[in-house]
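**Q** Contents are compact mmCIF, C-alpha atoms; file name entry-v3.txt:
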```
# COMPACT_ATOMS: atom_id res chain seq x y z
CA MET A 1 -2.88 -22.36 -12.12
CA LYS A 2 0.44 -21.38 -10.55
CA ALA A 3 0.34 -18.19 -8.50
CA LEU A 4 2.21 -15.27 -10.01
CA LEU A 5 3.31 -14.07 -6.56
CA ASP A 6 4.01 -16.02 -3.39
CA GLY A 7 2.39 -13.94 -0.64
CA SER A 8 4.09 -16.00 2.06
CA ALA A 9 7.43 -14.61 0.89
CA LEU A 10 6.40 -11.08 1.90
CA GLU A 11 8.45 -9.99 4.90
CA ILE A 12 6.40 -8.00 7.40
CA PRO A 13 8.35 -6.02 10.04
CA GLN A 14 7.92 -7.43 13.52
CA HIS A 15 6.80 -4.09 14.99
CA TRP A 16 3.78 -3.82 12.65
CA LEU A 17 0.44 -4.78 14.14
CA ARG A 18 -1.05 -7.76 12.26
CA ILE A 19 -4.77 -8.42 12.69
CA SER A 20 -6.54 -11.50 11.34
CA THR A 21 -10.23 -11.49 10.51
CA ILE A 22 -12.96 -13.66 9.05
CA GLU A 23 -15.26 -11.86 6.64
CA MET A 24 -18.99 -12.63 6.65
CA HIS A 25 -22.31 -11.10 5.75
CA THR A 26 -25.87 -11.45 6.99
CA GLY A 27 -28.49 -10.50 4.44
CA GLY A 28 -25.84 -8.45 2.64
CA GLU A 29 -24.66 -6.55 5.73
CA PRO A 30 -20.90 -7.03 6.22
CA LEU A 31 -19.33 -8.41 9.36
CA ARG A 32 -15.58 -8.34 9.92
CA VAL A 33 -14.83 -10.65 12.86
CA ILE A 34 -11.48 -10.02 14.55
CA THR A 35 -9.96 -13.43 15.31
CA ALA A 36 -6.33 -12.63 16.25
CA GLY A 37 -3.81 -9.85 16.65
CA LEU A 38 -5.44 -7.50 19.16
CA PRO A 39 -3.36 -6.28 22.11
CA PRO A 40 -4.49 -7.62 25.51
CA ILE A 41 -7.95 -6.26 26.41
CA PRO A 42 -8.58 -6.48 30.17
CA GLY A 43 -12.01 -6.51 31.80
CA ASP A 44 -14.44 -8.91 33.44
CA THR A 45 -17.50 -7.77 31.47
CA VAL A 46 -18.20 -6.81 27.89
CA LEU A 47 -18.75 -3.18 28.89
CA GLU A 48 -15.38 -3.11 30.67
CA LYS A 49 -13.61 -4.63 27.65
CA ARG A 50 -15.33 -2.23 25.27
CA ALA A 51 -14.47 0.76 27.46
CA TYR A 52 -10.79 -0.25 27.57
CA PHE A 53 -10.67 -0.81 23.81
CA ARG A 54 -12.40 2.51 23.13
CA GLU A 55 -10.00 4.41 25.40
CA HIS A 56 -6.74 2.72 24.35
CA HIS A 57 -7.25 1.19 20.89
CA ASP A 58 -9.90 3.15 19.04
CA ASP A 59 -7.33 3.65 16.28
CA ILE A 60 -7.68 -0.08 15.52
CA ARG A 61 -11.43 0.35 15.05
CA ARG A 62 -10.83 3.20 12.61
CA ALA A 63 -8.15 1.23 10.77
CA LEU A 64 -10.44 -1.78 10.26
CA MET A 65 -13.76 0.00 9.66
CA TRP A 66 -12.69 3.05 7.64
CA GLU A 67 -10.95 3.22 4.28
CA PRO A 68 -8.59 1.96 2.90
CA ARG A 69 -9.36 -1.38 4.62
CA GLY A 70 -13.08 -0.77 5.07
CA HIS A 71 -15.66 1.80 4.02
CA ALA A 72 -18.37 4.04 5.48
CA ASP A 73 -20.76 1.09 5.85
CA MET A 74 -18.32 -1.51 7.22
CA TYR A 75 -19.23 -3.29 10.43
CA GLY A 76 -17.15 -5.40 12.82
CA ALA A 77 -17.13 -7.62 15.87
CA ALA A 78 -14.44 -8.22 18.48
CA ILE A 79 -14.83 -11.57 20.27
CA PHE A 80 -13.25 -12.76 23.53
CA PRO A 81 -13.39 -15.69 25.95
CA SER A 82 -16.15 -15.26 28.53
CA LYS A 83 -16.52 -16.11 32.20
CA SER A 84 -20.30 -16.49 32.01
CA ALA A 85 -21.15 -17.33 28.37
CA ASP A 86 -19.63 -18.99 25.32
CA LEU A 87 -18.42 -15.63 24.00
CA ASP A 88 -18.06 -12.00 25.01
CA CYS A 89 -18.52 -9.68 22.04
CA PHE A 90 -18.72 -6.00 21.26
CA PHE A 91 -19.38 -4.35 17.92
CA LEU A 92 -17.62 -1.72 15.80
CA HIS A 93 -18.83 0.67 13.11
CA ASN A 94 -17.93 3.95 11.40
CA GLU A 95 -18.84 6.14 14.37
CA GLY A 96 -17.92 3.97 17.32
CA TYR A 97 -19.54 1.05 19.10
CA SER A 98 -22.98 -0.60 19.07
CA THR A 99 -24.89 -1.86 22.08
CA MET A 100 -26.39 -4.85 20.24
CA CYS A 101 -26.26 -6.26 16.72
CA GLY A 102 -28.61 -8.96 15.49
CA HIS A 103 -26.98 -9.45 12.10
CA ALA A 104 -23.65 -10.02 13.87
CA VAL A 105 -25.18 -12.57 16.28
CA ILE A 106 -26.69 -14.47 13.34
CA ALA A 107 -23.28 -14.61 11.63
CA LEU A 108 -21.32 -15.38 14.81
CA THR A 109 -23.63 -18.29 15.55
CA ARG A 110 -22.70 -19.85 12.22
CA LEU A 111 -19.03 -19.12 12.80
CA ALA A 112 -18.99 -20.60 16.31
CA VAL A 113 -20.71 -23.81 15.20
CA GLU A 114 -18.76 -24.35 11.98
CA THR A 115 -15.36 -23.64 13.60
CA ARG A 116 -16.38 -25.98 16.47
CA LEU A 117 -15.93 -23.26 19.05
CA VAL A 118 -18.95 -24.89 20.69
CA GLU A 119 -17.91 -28.49 20.10
CA GLY A 120 -20.81 -30.87 19.62
CA ARG A 121 -23.45 -28.18 20.14
CA SER A 122 -25.61 -26.08 17.86
CA HIS A 123 -26.51 -23.51 20.52
CA LEU A 124 -24.53 -20.88 22.39
CA THR A 125 -24.80 -17.81 24.59
CA ILE A 126 -23.15 -14.49 23.77
CA ASN A 127 -22.63 -11.58 26.16
CA VAL A 128 -23.08 -8.28 24.31
CA PRO A 129 -23.17 -4.74 25.73
CA ALA A 130 -26.99 -4.84 25.99
CA GLY A 131 -27.08 -8.15 27.87
CA THR A 132 -26.92 -11.86 27.11
CA VAL A 133 -28.46 -13.40 23.99
CA LYS A 134 -29.16 -17.07 23.36
CA ALA A 135 -28.56 -18.36 19.83
CA GLU A 136 -29.10 -21.61 17.99
CA ALA A 137 -28.10 -22.88 14.55
CA GLU A 138 -30.02 -25.04 12.13
CA VAL A 139 -27.36 -27.45 10.85
CA VAL A 140 -27.75 -29.45 7.64
CA GLY A 141 -24.90 -31.67 6.46
CA GLY A 142 -22.43 -30.02 8.80
CA ARG A 143 -23.30 -26.50 7.56
CA VAL A 144 -25.37 -23.85 9.29
CA ARG A 145 -28.34 -22.98 7.10
CA ARG A 146 -30.07 -20.56 9.44
CA SER A 147 -29.40 -18.95 12.82
CA THR A 148 -31.93 -17.90 15.43
CA PHE A 149 -31.38 -15.87 18.57
CA GLU A 150 -33.48 -14.86 21.55
CA ASN A 151 -32.80 -11.20 22.13
CA VAL A 152 -32.70 -9.05 25.23
CA ALA A 153 -35.97 -7.61 26.55
CA SER A 154 -37.34 -5.14 23.99
CA PHE A 155 -39.81 -2.36 24.72
CA VAL A 156 -41.48 0.80 23.47
CA LEU A 157 -40.16 4.06 24.92
CA LEU A 158 -42.20 6.66 22.98
CA ARG A 159 -45.39 6.15 20.95
CA ASP A 160 -47.08 8.39 18.42
CA ARG A 161 -44.91 11.43 19.05
CA GLN A 162 -44.11 14.26 16.64
CA VAL A 163 -41.00 16.31 16.02
CA ASP A 164 -40.02 19.16 13.72
CA VAL A 165 -37.24 18.10 11.35
CA PRO A 166 -35.38 20.87 9.47
CA GLY A 167 -36.11 20.67 5.76
CA LEU A 168 -38.75 17.99 6.25
CA GLY A 169 -41.40 19.47 8.52
CA ARG A 170 -43.32 17.79 11.31
CA ILE A 171 -42.86 14.02 11.38
CA ARG A 172 -44.63 11.37 13.47
CA PHE A 173 -42.38 8.74 15.06
CA ASP A 174 -42.08 6.03 17.69
CA VAL A 175 -38.98 5.07 19.69
CA ALA A 176 -38.43 1.46 20.70
CA PHE A 177 -35.53 -0.57 22.10
CA GLY A 178 -34.38 -3.91 20.68
CA GLY A 179 -30.87 -3.88 22.13
CA ALA A 180 -30.47 -0.30 20.88
CA PHE A 181 -32.91 2.61 20.62
CA TYR A 182 -34.36 3.51 17.22
CA ALA A 183 -36.75 6.17 15.98
CA PHE A 184 -39.30 4.54 13.66
CA VAL A 185 -40.79 6.61 10.85
CA ASP A 186 -43.24 5.67 8.10
CA ALA A 187 -41.39 6.24 4.82
CA ALA A 188 -44.57 7.57 3.20
CA ASP A 189 -44.79 10.28 5.88
CA ALA A 190 -41.27 11.36 4.91
CA GLY A 191 -42.30 11.40 1.24
CA PHE A 192 -40.22 8.64 -0.34
CA ARG A 193 -40.09 4.95 -1.21
CA LEU A 194 -37.76 2.37 0.32
CA ASP A 195 -35.82 1.68 -2.88
CA ALA A 196 -32.08 1.50 -3.45
CA ASP A 197 -32.17 4.59 -5.68
CA GLU A 198 -33.27 6.60 -2.62
CA TYR A 199 -30.04 5.66 -0.82
CA PRO A 200 -28.48 9.16 -0.56
CA ARG A 201 -31.78 10.65 0.60
CA LEU A 202 -32.25 7.91 3.18
CA ILE A 203 -28.89 8.79 4.72
CA ASP A 204 -29.67 12.51 4.78
CA LEU A 205 -33.15 12.20 6.26
CA GLY A 206 -32.12 9.44 8.66
CA ARG A 207 -29.42 11.67 10.11
CA ARG A 208 -31.75 14.67 10.38
CA ILE A 209 -34.55 12.74 12.06
CA LYS A 210 -32.16 11.09 14.53
CA LYS A 211 -30.71 14.48 15.50
CA ALA A 212 -34.13 16.11 15.86
CA VAL A 213 -35.56 13.30 18.03
CA ALA A 214 -32.44 13.03 20.21
CA SER A 215 -32.43 16.78 20.76
CA ALA A 216 -36.11 16.99 21.70
CA PHE A 217 -36.69 13.84 23.78
CA PRO A 218 -34.72 12.10 26.56
CA ILE A 219 -33.64 8.58 25.56
CA GLU A 220 -33.11 6.62 28.77
CA HIS A 221 -32.45 2.95 29.39
CA PRO A 222 -33.92 1.90 32.75
CA PHE A 223 -30.70 0.31 34.05
CA GLU A 224 -27.63 1.17 31.97
CA PRO A 225 -26.56 4.78 31.20
CA GLU A 226 -24.21 3.54 28.44
CA LEU A 227 -27.25 2.32 26.49
CA SER A 228 -29.15 5.60 26.88
CA PHE A 229 -28.81 7.14 23.43
CA LEU A 230 -30.62 7.08 20.10
CA TYR A 231 -28.69 4.78 17.78
CA GLY A 232 -30.51 5.34 14.51
CA THR A 233 -33.61 5.95 12.41
CA ILE A 234 -35.58 3.08 10.89
CA PHE A 235 -37.87 3.78 7.96
CA VAL A 236 -40.79 1.40 7.56
CA GLY A 237 -42.77 0.80 4.38
CA PRO A 238 -44.66 -1.81 2.38
CA PRO A 239 -42.79 -4.91 1.20
CA HIS A 240 -41.73 -5.43 -2.38
CA ASP A 241 -42.56 -9.12 -2.01
CA PRO A 242 -46.23 -9.52 -1.00
CA ALA A 243 -45.32 -12.67 0.94
CA HIS A 244 -43.51 -10.47 3.48
CA HIS A 245 -44.91 -8.23 6.19
CA SER A 246 -43.04 -4.98 5.48
CA ARG A 247 -39.73 -3.39 4.57
CA ASN A 248 -37.23 -1.98 7.09
CA VAL A 249 -34.32 0.38 6.33
CA CYS A 250 -32.05 1.35 9.21
CA VAL A 251 -29.78 4.41 9.08
CA PHE A 252 -27.50 4.29 12.13
CA ALA A 253 -24.21 5.61 13.54
CA ASP A 254 -22.81 8.29 11.20
CA GLY A 255 -25.20 7.78 8.28
CA GLU A 256 -24.44 4.05 7.98
CA VAL A 257 -27.12 2.08 6.12
CA ASP A 258 -27.86 -1.51 7.11
CA ARG A 259 -28.10 -3.86 4.13
CA SER A 260 -29.93 -6.41 6.28
CA ALA A 261 -33.34 -6.02 7.90
CA THR A 262 -31.51 -5.18 11.21
CA GLY A 263 -31.83 -7.76 14.00
CA SER A 264 -32.11 -5.26 16.84
CA GLY A 265 -34.45 -3.19 14.65
CA VAL A 266 -36.91 -6.01 13.96
CA SER A 267 -36.75 -6.84 17.69
CA ALA A 268 -37.86 -3.29 18.47
CA ARG A 269 -40.50 -3.64 15.74
CA ALA A 270 -41.83 -6.74 17.55
CA ALA A 271 -42.21 -4.67 20.73
CA LEU A 272 -44.05 -1.94 18.80
CA HIS A 273 -46.42 -4.31 17.01
CA HIS A 274 -47.12 -6.19 20.24
CA ALA A 275 -47.91 -2.94 22.07
CA ARG A 276 -50.37 -2.04 19.30
CA GLY A 277 -52.07 -5.44 19.53
CA GLU A 278 -50.77 -6.42 16.08
CA LEU A 279 -48.40 -9.27 17.03
CA ALA A 280 -49.46 -11.99 19.45
CA PRO A 281 -46.94 -14.23 21.23
CA GLY A 282 -45.89 -17.05 18.91
CA ALA A 283 -46.91 -15.21 15.74
CA ALA A 284 -44.05 -14.39 13.32
CA ILE A 285 -43.54 -11.71 10.68
CA THR A 286 -40.89 -11.59 7.95
CA ILE A 287 -39.36 -8.19 7.23
CA GLU A 288 -37.38 -7.14 4.15
CA SER A 289 -34.24 -5.05 3.94
CA LEU A 290 -33.36 -2.39 1.35
CA ILE A 291 -31.89 -5.09 -0.90
CA GLY A 292 -34.69 -7.60 -0.35
CA SER A 293 -32.96 -9.93 2.13
CA THR A 294 -35.10 -10.88 5.12
CA MET A 295 -35.25 -11.61 8.84
CA THR A 296 -38.13 -13.23 10.67
CA VAL A 297 -39.16 -12.12 14.16
CA GLU A 298 -41.69 -13.38 16.67
CA VAL A 299 -42.62 -12.61 20.26
CA ALA A 300 -41.19 -15.55 22.22
CA ASP A 301 -42.40 -14.24 25.57
CA THR A 302 -43.48 -11.14 27.45
CA ALA A 303 -41.74 -9.62 30.46
CA LYS A 304 -41.52 -6.61 32.71
CA PHE A 305 -38.30 -4.62 32.20
CA GLY A 306 -38.00 -1.89 34.80
CA PRO A 307 -41.08 0.31 34.27
CA HIS A 308 -41.67 -1.04 30.76
CA ASP A 309 -43.89 -3.80 29.43
CA ALA A 310 -41.46 -5.72 27.23
CA VAL A 311 -41.25 -8.65 24.87
CA ILE A 312 -38.52 -11.24 24.33
CA PRO A 313 -38.07 -11.35 20.54
CA ARG A 314 -36.85 -14.38 18.64
CA VAL A 315 -35.10 -13.43 15.40
CA SER A 316 -33.81 -15.63 12.59
CA GLY A 317 -31.85 -15.07 9.40
CA THR A 318 -29.09 -16.41 7.18
CA SER A 319 -25.42 -15.57 6.88
CA ALA A 320 -22.47 -16.46 4.65
CA LEU A 321 -18.70 -16.82 4.98
CA ILE A 322 -17.00 -14.73 2.30
CA GLY A 323 -13.31 -14.54 3.15
CA ARG A 324 -10.35 -14.50 5.48
CA SER A 325 -8.03 -11.51 5.83
CA GLU A 326 -4.82 -10.44 7.50
CA PHE A 327 -4.33 -6.69 7.81
CA PHE A 328 -1.03 -4.95 8.43
CA LEU A 329 -0.90 -1.65 10.34
CA ASP A 330 2.28 0.14 9.28
CA PRO A 331 3.01 2.89 11.86
CA ASP A 332 4.70 4.94 9.15
CA ASP A 333 1.64 4.94 6.87
CA PRO A 334 0.20 8.48 7.32
CA ILE A 335 -3.37 7.60 6.27
CA GLY A 336 -3.42 3.89 7.13
CA ARG A 337 -5.23 4.45 10.42
CA GLY A 338 -8.36 5.30 8.48
CA PHE A 339 -10.55 7.81 6.68
CA PHE A 340 -13.88 7.53 4.92
CA LEU A 341 -15.72 9.38 2.21
CA ARG A 342 -19.39 9.38 1.26
```
Please go through the file and, once you have read it, give me the structure as structure tokens.

**A**
Amino acid sequence: MKALLDGSALEIPQHWLRISTIEMHTGGEPLRVITAGLPPIPGDTVLEKRAYFREHHDDIRRALMWEPRGHADMYGAAIFPSKSADLDCFFLHNEGYSTMCGHAVIALTRLAVETRLVEGRSHLTINVPAGTVKAEAEVVGGRVRRSTFENVASFVLLRDRQVDVPGLGRIRFDVAFGGAFYAFVDAADAGFRLDADEYPRLIDLGRRIKKAVASAFPIEHPFEPELSFLYGTIFVGPPHDPAHHSRNVCVFADGEVDRSATGSGVSARAALHHARGELAPGAAITIESLIGSTMTVEVADTAKFGPHDAVIPRVSGTSALIGRSEFFLDPDDPIGRGFFLR
């Protein structure tokens, strides 16, 4: 069928910023990968590059993550050449910047292999703000069917603590790190099920619990002050599919809800279950998301991380390529730099 309009005939002013992206998802969670168009981003490390971008170009994050180009639950990745790995990468969301993102690593592994960024290889290393992760793709007929990554050291910070949450009462929680810090709460303790129709309530309670825990307890990474904050709340409940271990729903950033099972979240779960004697090295569990997609996690190894007994989680999941975009940033567009509504 002949196209009604020829998009290539559209004349875009030279002074407009033009940003190209590849659109993906992992278990339903979006990933907008910036592939071209960013201004120069100096820095030798991921943290230096992220700091420069945050200070000088945070308007680009808002433009790509917020409406009208994105939405309150959009998620992104900015990738760069690396001096010590195959890629340097930091992550974008509605509130700012993540320290680690498992769903993004799963998708980027597919992207790197299928675009031949790592020519002739099915494995790669990615520097992220939390450290370096090792990833590998399962390739069938030239296509990546599944991606697996070995995460940074993951550990339990707080176990079996309680906090008063306004409007909810006293709630028991744990805090664990899987590349980011999360407060883990049993959904039954909070009085609800992990179903899609509870979505607005999940956002509300996730925000309230995160604020209450962060206000009452210090959240400290043993080596990096920039990682020392509570990223989100993860509600845990029984699976809908009895073949799976459990269900995981992560509310992070400014009330953003992960559609996937959350790669850094299941990594922290592995640390928690191992500390409780419930997950031996080499044993794997499969965890559902709010929409029923899954990730599988196992304890690949144990380690000492500063003062903490830690595990090295191995996480796997599937991703999909869903589109390619070019966004125009018109400096005269009064709302084009972003807004979002719930």

**Q** Restricting the calculation to all atoms listed in the file: of A:Glu256, A:Tyr199, A:Asp189, A:Leu157, which residue gets closest to Pro307 in chain A?

**A**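 The closest residue to Pro307 in chain A is A:Leu157.
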
**Q** For the contact check between range 65-157 of chain A and range 297-306 of chain A, emit one row per residue of range 65-157 of chain A within 9 Å, containing the shortest atom pair and the distance in Å rounded to one decimal, counting all atoms listed in the file, chain then rising number order, as JSON lines.

**A**
```
{"residue": "A:Glu150", "atom": "CA", "partner": "A:Ala300", "partner_atom": "CA", "distance": 7.8}
{"residue": "A:Ala153", "atom": "CA", "partner": "A:Phe305", "partner_atom": "CA", "distance": 6.8}
{"residue": "A:Ser154", "atom": "CA", "partner": "A:Phe305", "partner_atom": "CA", "distance": 8.3}
{"residue": "A:Phe155", "atom": "CA", "partner": "A:Phe305", "partner_atom": "CA", "distance": 8.0}
```

**Q** Using all atoms listed in the file, which of A:Ser325, A:Ser319, A:Ser228, A:Thr109 sits nearest Ala137 in chain A?

**A** A:Thr109

**Q** Would you mind listing what lies within 12 Å of Pro68 in chain A as a ChimeraX atom specification, with only C-alpha atoms counted and same-chain residues fewer than 5 positions away left out?

**A** /A:62-63,74,327-329,333-341

**Q** So the first atom is CA of Ala214 in chain A and the second is CA of Arg61 in chain A; what is the distance between them in Å, to one decimal place?

**A**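 Distance between the two atoms: 25.1 Å.
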
**Q** With only C-alpha atoms as the atoms that count, which of A:Asp195, A:Asp174, A:Glu136, A:Glu119 lies nearest to Arg314 in chain A?

**A**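 Answer, going by the shortest atom-to-atom distance: A:Glu136.
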
**Q** As a compact mmCIF listing (two decimals), in the coordinates of the input, please: range 223-246 of chain A completed to N, CA and C atoms.

**A**
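Saved result, selection.txt, follows:
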```txt
# COMPACT_ATOMS: atom_id res chain seq x y z
N PHE A 223 -31.74 0.83 33.16
CA PHE A 223 -30.70 0.31 34.05
C PHE A 223 -29.28 0.72 33.68
N GLU A 224 -29.01 0.99 32.41
CA GLU A 224 -27.63 1.17 31.97
C GLU A 224 -27.45 2.50 31.23
N PRO A 225 -26.77 3.49 31.85
CA PRO A 225 -26.56 4.78 31.20
C PRO A 225 -25.84 4.67 29.86
N GLU A 226 -24.94 3.67 29.70
CA GLU A 226 -24.21 3.54 28.44
C GLU A 226 -25.10 3.13 27.27
N LEU A 227 -26.31 2.69 27.55
CA LEU A 227 -27.25 2.32 26.49
C LEU A 227 -28.26 3.43 26.22
N SER A 228 -28.14 4.53 26.93
CA SER A 228 -29.15 5.60 26.88
C SER A 228 -28.84 6.63 25.80
N PHE A 229 -28.98 6.21 24.55
CA PHE A 229 -28.81 7.14 23.43
C PHE A 229 -29.56 6.58 22.23
N LEU A 230 -29.91 7.48 21.31
CA LEU A 230 -30.62 7.08 20.10
C LEU A 230 -29.59 6.64 19.07
N TYR A 231 -29.68 5.38 18.66
CA TYR A 231 -28.69 4.78 17.78
C TYR A 231 -28.96 5.07 16.31
N GLY A 232 -30.23 5.13 15.92
CA GLY A 232 -30.51 5.34 14.51
C GLY A 232 -31.97 5.60 14.22
N THR A 233 -32.25 5.78 12.93
CA THR A 233 -33.61 5.95 12.41
C THR A 233 -33.93 4.74 11.56
N ILE A 234 -35.12 4.18 11.73
CA ILE A 234 -35.58 3.08 10.89
C ILE A 234 -36.82 3.52 10.14
N PHE A 235 -36.73 3.48 8.81
CA PHE A 235 -37.87 3.78 7.96
C PHE A 235 -38.62 2.50 7.67
N VAL A 236 -39.94 2.56 7.76
CA VAL A 236 -40.79 1.40 7.56
C VAL A 236 -41.72 1.66 6.38
N GLY A 237 -41.89 0.65 5.53
CA GLY A 237 -42.77 0.80 4.38
C GLY A 237 -43.30 -0.54 3.93
N PRO A 238 -44.10 -0.55 2.87
CA PRO A 238 -44.66 -1.81 2.38
C PRO A 238 -43.58 -2.69 1.76
N PRO A 239 -43.79 -4.01 1.78
CA PRO A 239 -42.79 -4.91 1.20
C PRO A 239 -42.84 -4.88 -0.32
N HIS A 240 -41.74 -5.24 -0.94
CA HIS A 240 -41.73 -5.43 -2.38
C HIS A 240 -42.26 -6.82 -2.74
N ASP A 241 -42.04 -7.78 -1.84
CA ASP A 241 -42.56 -9.12 -2.01
C ASP A 241 -43.83 -9.24 -1.16
N PRO A 242 -44.98 -9.47 -1.78
CA PRO A 242 -46.23 -9.52 -1.00
C PRO A 242 -46.28 -10.64 0.03
N ALA A 243 -45.36 -11.60 -0.05
CA ALA A 243 -45.32 -12.67 0.94
C ALA A 243 -44.75 -12.18 2.28
N HIS A 244 -44.14 -10.99 2.27
CA HIS A 244 -43.51 -10.47 3.48
C HIS A 244 -44.40 -9.44 4.15
N HIS A 245 -44.09 -9.15 5.40
CA HIS A 245 -44.91 -8.23 6.19
C HIS A 245 -44.66 -6.77 5.82
N SER A 246 -43.39 -6.38 5.69
CA SER A 246 -43.04 -4.98 5.48
C SER A 246 -41.57 -4.88 5.11
```
